[in-house]
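Participant: Right, I'll just put the structure down here and ask away after.
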Number of protein chains: 2
Amino acid sequence: MHFADALPLQSGASIRAYDLSYETYGTLNADKSNAVLICHALNASHHVAGIYLDESGAPVPRSEGWWDTMIGPGKPVDTDRFFVIGVNNLGSCFGSTGPMQTHPDTGQVYGADFPVVTVQDWVDAQARLLDALGIQTLAAVMGGSLGGMQALSWTLQYPDRVRHAVVVASAPNLTAENIAFNEVARRAIVTDPDFHGGHFYRHGVLPQRGLRIARMIGHITYLSDDVMNEKFGRQLRQAVVETAGLDVDGEAPARAAAYRYSTQDVEFQIESYLRYQGDKFSEYFDANTYLLITRALDYFDPAAAHGGNLTRALVQASAKFLLVSFTTDWRFSPARSREIVKALLDNQRDVSYAEIDAPHGHDAFLLDDPRYLGVVRSYFESKVAP
Amino acid sequence: MHFADALPLQSGASIRAYDLSYETYGTLNADKSNAVLICHALNASHHVAGIYLDESGAPVPRSEGWWDTMIGPGKPVDTDRFFVIGVNNLGSCFGSTGPMQTHPDTGQVYGADFPVVTVQDWVDAQARLLDALGIQTLAAVMGGSLGGMQALSWTLQYPDRVRHAVVVASAPNLTAENIAFNEVARRAIVTDPDFHGGHFYRHGVLPQRGLRIARMIGHITYLSDDVMNEKFGRQLRQAVVETAGLDVDGEAPARAAAYRYSTQDVEFQIESYLRYQGDKFSEYFDANTYLLITRALDYFDPAAAHGGNLTRALVQASAKFLLVSFTTDWRFSPARSREIVKALLDNQRDVSYAEIDAPHGHDAFLLDDPRYLGVVRSYFESKVAP
């Protein structure tokens, strides 16, 4: 969708004209009361559900939407009942206007000149998309992590346009530790000699070293210590176990026996895994987008304008809420969701809250956990359904 | 102390000749029964206590030993009673033979050719230092974090030479998450274009970008989420608060008002703090040493040779033990210390254990916490004192 009117931003700057990529699933009903907007987190896009087909009509491998366990026909957010909209945020590298695209005033790729965008700005842009689609009120706005922050912000910026907000694995703002992890990732990118102050496109290079490090750091914080130990533990990379001719089905081998004694080669499987994740990410993700999105996370803080008082900040919210957190999520711990729940209850709002006992850390919000999916399903069936 | 005999290493390699830097405090008694060996962690040295004087006899500013709160006359490890030895490990950049020094066979700086050393190798080298000092048996061996691993390893490698082991904020091995953080830090260093495969000395450059990132990551894991929030929270860097003319003593300012909206400039105090720590570290620490020391951490796993069974691994330990952990230490959590305690109790060993309720995370082991210092003092007074 193209938008010809400039979008004023929280920073005071504006974006003169822009496009938003979006996908829809299901059918908008006659009174336009069944729309559900899905907001995405760091590494995602408007492609939330379903798969793509190639020209011959065959399924494209690994083209599932990022929340395909959650959204689709007969799924917890049932596209046989709801009209679901996935939207890609401004500043992204997956279709909507962002740093990889051309600045209409200069004819140059934006790069580091793309304006800083915030959660509030994204919500404003999403509201204009709804205007263009002729949708006044959302049955629900929903998101996980940074997407949950957008859902919460919707209820504050456009309280009359949201009946329900589903906020999963999120937080009312970042802690100092959260900001710290973001900052290290950003420094890795910005200090990569191939970053060129954010104008690497002109130099025909990509700051992939920095992106790899950023992604590796991110990945550690998405997983719980427990699930990392369970998946990887202290296992050595397979290659060496084979080289050493150890019988993996027999007695546990003396692990030390197979060390290579190298500081630069991979010794442990967790190292291969992280390097692989970093390599993959650095091939498709834009460095300036990474900076923008982590900054949007840092800046989000609806209580700030109310002297840090979240209860006062949430007075404006009139939507009904479902909050979900995961016990082993140490990035956005259950305590952070409970802060939101408490502030809503202080305001006598209608709040459902589920703390899911899941081992997977922050990543749990993307996974196929039956208790989690059941909670969302029953909320949509019993509360959201028109 | 110079050692002319080659030291065989766990990897199968050896170091042909080497020096160990060490300091001693107090007086060795006649029967040489009051020696306490202090083992250091990542970023420390043989300078554990006291201050240095300059040529005029004046104190050198900020020259306090890294465990000066713990060790000295009248302190918990009382140098009026004990002869304390601080030793710098092989591979360090603070005096003992390491990657910055010249390989005697090639006449070239070792760099990446310095052999991989393990906790066991360090303990072997320390034992030779004791031989040279004429000390057969230690009253105690003591260390925090990686230093605690060395203390534990002493009780397994030289059980007859250790009466007491004091193991603070340590673990029987690294978890997958611990290894993961080490690996990201190493990748930041190794992929810095100024690293040159570890032979940067020849190129007249230093991989400071990588070291900065490594140190920033490390710092996050040394502190607890709570103490970071308390020290820094979401406070903006001071400069902007001043620029904006906000009254810091009055009503809490609307925090968002002072955002600069920049992805590359510092916005939050936690960012300045981390950048400062990274900059400082990158000016004095050697990149190859960082790789070596984090690998020594990764490799440490005394249970490995016993099929992962720590109880069986600790059968050899005959020393008496004090273990200390800190409630908010998420790098080496109390649960990891309890694993060691349990394995020692399974073997009917004499174990004291204190879990100190401290907000500071892993860093607590270096800080001036009266309960912690009291526990160590009373252990040395009642159990270790000859």
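Chain labels follow the order of the structure tokens: the first chain is A, the next B, and so on; residue numbering restarts at 1 in every chain, and ligands are counted from 1 in their shown order.
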Once you count only C-alpha atoms, what closest atom pair and distance in Å to one decimal does each residue of chain A within 7 Å of chain B have, with rows by chain and rising residue number, as a tab-separated table?
Facilitator:
```
residue	atom	partner	partner_atom	distance
A:Ser11	CA	B:Tyr261	CA	6.0
A:Val116	CA	B:Tyr261	CA	5.9
A:Thr175	CA	B:Asn229	CA	6.4
A:Ala176	CA	B:Gly233	CA	5.0
A:Glu177	CA	B:Asp225	CA	5.7
A:Ala180	CA	B:Ile270	CA	6.4
A:Glu183	CA	B:Glu271	CA	6.4
A:Val184	CA	B:Ile213	CA	6.3
A:Ala188	CA	B:Ile213	CA	6.4
A:Thr191	CA	B:Arg209	CA	6.6
A:Arg209	CA	B:Thr191	CA	6.6
A:Ile213	CA	B:Val184	CA	6.3
A:Met216	CA	B:Val184	CA	6.4
A:Ile217	CA	B:Val184	CA	6.8
A:Ile220	CA	B:Glu177	CA	6.9
A:Asp225	CA	B:Glu177	CA	5.7
A:Met228	CA	B:Ala176	CA	5.8
A:Asn229	CA	B:Ala176	CA	5.3
A:Phe232	CA	B:Ala176	CA	6.4
A:Gly233	CA	B:Ala176	CA	5.0
A:Arg234	CA	B:Ala176	CA	6.0
A:Ala252	CA	B:Gly307	CA	5.8
A:Pro253	CA	B:Gly307	CA	6.8
A:Ala254	CA	B:Ala305	CA	4.8
A:Arg255	CA	B:Ala304	CA	5.3
A:Ala256	CA	B:Ala304	CA	6.2
A:Tyr261	CA	B:Val116	CA	5.9
A:Ser262	CA	B:Val116	CA	6.5
A:Thr263	CA	B:Leu291	CA	5.8
A:Ile270	CA	B:Ala176	CA	6.4
A:Glu271	CA	B:Glu183	CA	6.4
A:Leu291	CA	B:Thr263	CA	5.8
A:Leu292	CA	B:Thr263	CA	6.3
A:Arg295	CA	B:Thr263	CA	6.1
A:Ala304	CA	B:Arg255	CA	5.3
A:Ala305	CA	B:Ala254	CA	4.7
A:His306	CA	B:Ala254	CA	6.8
A:Gly307	CA	B:Ala252	CA	5.4
```
Participant: So that I can see what lies close to stretch 320-329 of chain B, please list as a PyMOL selection string the residues with an atom at most 8 Å from it, counting only C-alpha atoms and leaving out residues fewer than 4 positions away in the same chain.
Facilitator: chain B and resi 163-170+222-224+333-334+337+341+349-365+372+379
Participant: DSSP on the backbone, alpha helix (DSSP H) only: what residues of stretch 64-309 of chain A does that give? Format it as number ranges by chain.
Facilitator: A: 119-133, 146-157, 176-190, 200-203, 208-222, 225-231, 238-243, 269-284, 287-299
Participant: Mind pulling up the distance from atom CA of A:His40 to atom CA of A:Met149?
Facilitator: 9.8 Å
Participant: So which one's closest to B:Ala258, B:Ala49, B:Leu236, B:Leu314, B:Ile71? Using only C-alpha atoms, please.
Facilitator: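 The closest residue to B:Ala258 is B:Leu236.
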Participant: A:Asp78, A:Asp286, A:Asp19, A:Glu339: which is nearest A:Thr311, counting only C-alpha atoms?
Facilitator: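 Counting only C-alpha atoms, the residue closest to A:Thr311 is A:Glu339.
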Participant: For atom CA of B:Gly65 and atom CA of B:Tyr52, determine how far apart the two atoms are, in Å to one decimal place.
Facilitator: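 The value is 8.9 Å.
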Participant: Excluding same-chain residues fewer than 6 positions from stretch 32-39 of chain A, what lies within 9 Å of it counting only C-alpha atoms, as a VMD selection string?
Facilitator: chain A and resid 45 to 46 48 77 81 to 89 126 134 to 144 146 to 151 384 to 386
